[in-house]
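Heads up: the structure comes next, in structure tokens.
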Amino acid sequence: MRNSMRFLAASLGLLITCAAHAGGYTYQSLWVEGAVSTSAAGINEQGQVVGSYQLERGPDLLVRPFTWQAGTYTTYPAAEPAAWSFDDVNDAGRLVSNLGHRDFTTEAWFGDAAHHTLLAVPGAVATQAYALSDRDVVVGAYQHDPNRLGILTTSAFAWSPRTGYRVFDAPGATGGLTIAWGVNRAGAVVGVYMDADSMYHGFVRAPDGRVRTVDYPGSPYTQLMGINARGDVVGFYQDPTDFLLRGFVLRGGRFERVAPADAVNGSYPYRITDDGRIVGYYLDANWRSIGFVATP
């Protein structure tokens with residue numbers, strides 16, 4: 001299904017960045033001028049970053065998308081949606097995007113400036129698209145079939161123009177929630193699921209459908225967000241000592257910290273490129289969300 005929705009020409013935000021070294025990375029902060037928060041969600045191999053920022057407009061707090069590359073921000077105004085985000089970008093420049101309207105309905109889109117496809121899992125109450133690969137495989141989550149308490153089940157999906165929709169739940173997702181947050185070129189998918197005890201576990205789903213659970217040692221909550229072609233994974237876990245969510249990269253079976261120096265209230269890595277660059281956001285001492293690019 002195609003849409004005539006246009007990605008409007010944008011205003012340029014001024015570059016507000018800072019660089020710091022921590023944990024084997026050089027960190028650059030991303031901040032859209034005039035925003036109250038900025039979050040980076042995707043990056044391609046060319047270094048184009050996409051994400052969203054929040055604006056105060058009277059009593060409203062609006063979410064709008066942005067792109068950033070080589071120090072230049074591009075922002076995209078919208079007439080009506082209360083929330084519009086760019087959630088990932090691939091090497092061909094195609095995007096996944098989510099819109100949330102004032103009537104609480106949502107839409108998920110895949111495409112580029114010329115062609116857009118509405119993504120809606122058949123039978124779903126709502127569909128969210130979170131990531132895409134260089135082969136145009138999109139992954140995300142959808143809501144369907146309420147349980148006996150009336151709570152909707154959340155399951156994961158993968159979609160491509162060639163194969164259509166494939167839906168799945170992690171084998172241990174007896175708590176009614178599986179979300180696919182990332183996918184690499186080979187088709188490996190990462191995400192999170194909830195078990196019957198409301199514990200959250202990360203998972204890696206291989207291209208052949210086999211699923212491996214990943215838990216950060218000692219944590220009740222692990223969420224995997226992105227995976228590159230080498231199988232390196234980024235995500236975050238809940239620290240049981242202070243309940244903050246802290247970012248990591250899992251490489252060769254070893255967890256390594258990912259957090260800028262001023263991420264005193266948590267860090268959230270979202271994507272990792274094949275050469276190891278990571279994007280996401282962190283919370284500073286004032287609980288502001290600030291985007292970052294981490295370069296090894």
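Following the order of the structure tokens, chains are lettered A, B, ..., residues in each are numbered from 1, and ligands are numbered from 1.
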
Which polymer residues have any atom within 6 Å of an atom of A:Val63, counting only C-alpha atoms, with same-chain residues fewer than 4 positions away left out, as a PDB file with N, CA and C atoms, in the first residue's frame?
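Everything below was put into out_18.pdb:
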ATOM      1  N   TYR A  53      13.070  14.273  18.166  1.00  0.00           N
ATOM      2  CA  TYR A  53      13.271  15.257  19.216  1.00  0.00           C
ATOM      3  C   TYR A  53      11.914  15.752  19.679  1.00  0.00           C
ATOM      4  N   GLN A  54      11.862  16.329  20.868  1.00  0.00           N
ATOM      5  CA  GLN A  54      10.618  16.836  21.436  1.00  0.00           C
ATOM      6  C   GLN A  54      10.632  18.358  21.463  1.00  0.00           C
ATOM      7  N   ALA A  83       3.069  12.717  17.351  1.00  0.00           N
ATOM      8  CA  ALA A  83       4.381  12.073  17.432  1.00  0.00           C
ATOM      9  C   ALA A  83       4.745  11.519  16.062  1.00  0.00           C
ATOM     10  N   TRP A  84       5.934  11.905  15.579  1.00  0.00           N
ATOM     11  CA  TRP A  84       6.445  11.417  14.307  1.00  0.00           C
ATOM     12  C   TRP A  84       7.935  11.190  14.476  1.00  0.00           C
TER      13      TRP A  84
END

Neighbours of stretch 260-264 of chain A within 7 Å (only C-alpha atoms; same-chain residues fewer than 2 positions away dropped), as a compact mmCIF listing (two decimals) with C-alpha atoms, in the first residue's frame?
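Contents of out-v2.txt, as written:
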# COMPACT_ATOMS: atom_id res chain seq x y z
CA ALA A 22 34.99 6.85 27.93
CA TYR A 27 31.31 10.22 22.25
CA GLY A 266 21.23 5.86 32.21
CA SER A 267 22.19 5.17 28.59
CA TYR A 282 21.42 9.01 27.42
CA LEU A 283 19.88 10.78 30.40
CA ASP A 284 21.94 13.54 32.02
CA ALA A 285 21.77 14.86 35.59

Subject >> Among the residues A:Tyr142, A:Tyr237, A:Tyr268, A:Trp31, the one that comes closest to A:Tyr221 [using only C-alpha atoms] >> reply: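 So, comparing all the options, the nearest one is A:Tyr237.
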
Original post:
What gap, in Å, lies between atom CA of A:Asp195 and atom CA of A:Thr222?
Top reply: 12.1 Å

**OP:** Determine the nearest neighbour of A:Thr75 from the options A:Tyr200, A:Pro207, A:Val89, A:Leu55, counting only C-alpha atoms.
**Re:** A:Leu55

**OP:** Just the residues within 9 Å of A:Glu107, please, counting only C-alpha atoms, with nothing from its chain fewer than 3 positions along; format it as a list in words.
**Re:**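 Listing them by chain and then by number gives Ser97, Asn98, Leu99, Gly100, His101, Leu118, Leu119, Ala120, Ala126, Thr127, Gln128 and Ala129 of chain A.
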
Original post:
Contacts of A:Val249 at 8 Å or less, counting only C-alpha atoms, minus same-chain residues fewer than 5 places along, as a ChimeraX atom specification?
Top reply: /A:232-235,255-258

For those residues, write C-alpha atoms to a file as a PDB file, in the first residue's frame.
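This went into again-v3.pdb:
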ATOM      1  CA  ASP A 232      27.968  -7.563  17.748  1.00  0.00           C
ATOM      2  CA  VAL A 233      24.878  -6.570  19.736  1.00  0.00           C
ATOM      3  CA  VAL A 234      23.949  -3.390  21.589  1.00  0.00           C
ATOM      4  CA  GLY A 235      21.296  -2.969  24.245  1.00  0.00           C
ATOM      5  CA  PHE A 255      29.674  -7.191  27.797  1.00  0.00           C
ATOM      6  CA  GLU A 256      31.307  -3.759  27.509  1.00  0.00           C
ATOM      7  CA  ARG A 257      29.918  -0.498  28.878  1.00  0.00           C
ATOM      8  CA  VAL A 258      28.494   2.091  26.462  1.00  0.00           C
TER       9      VAL A 258
END
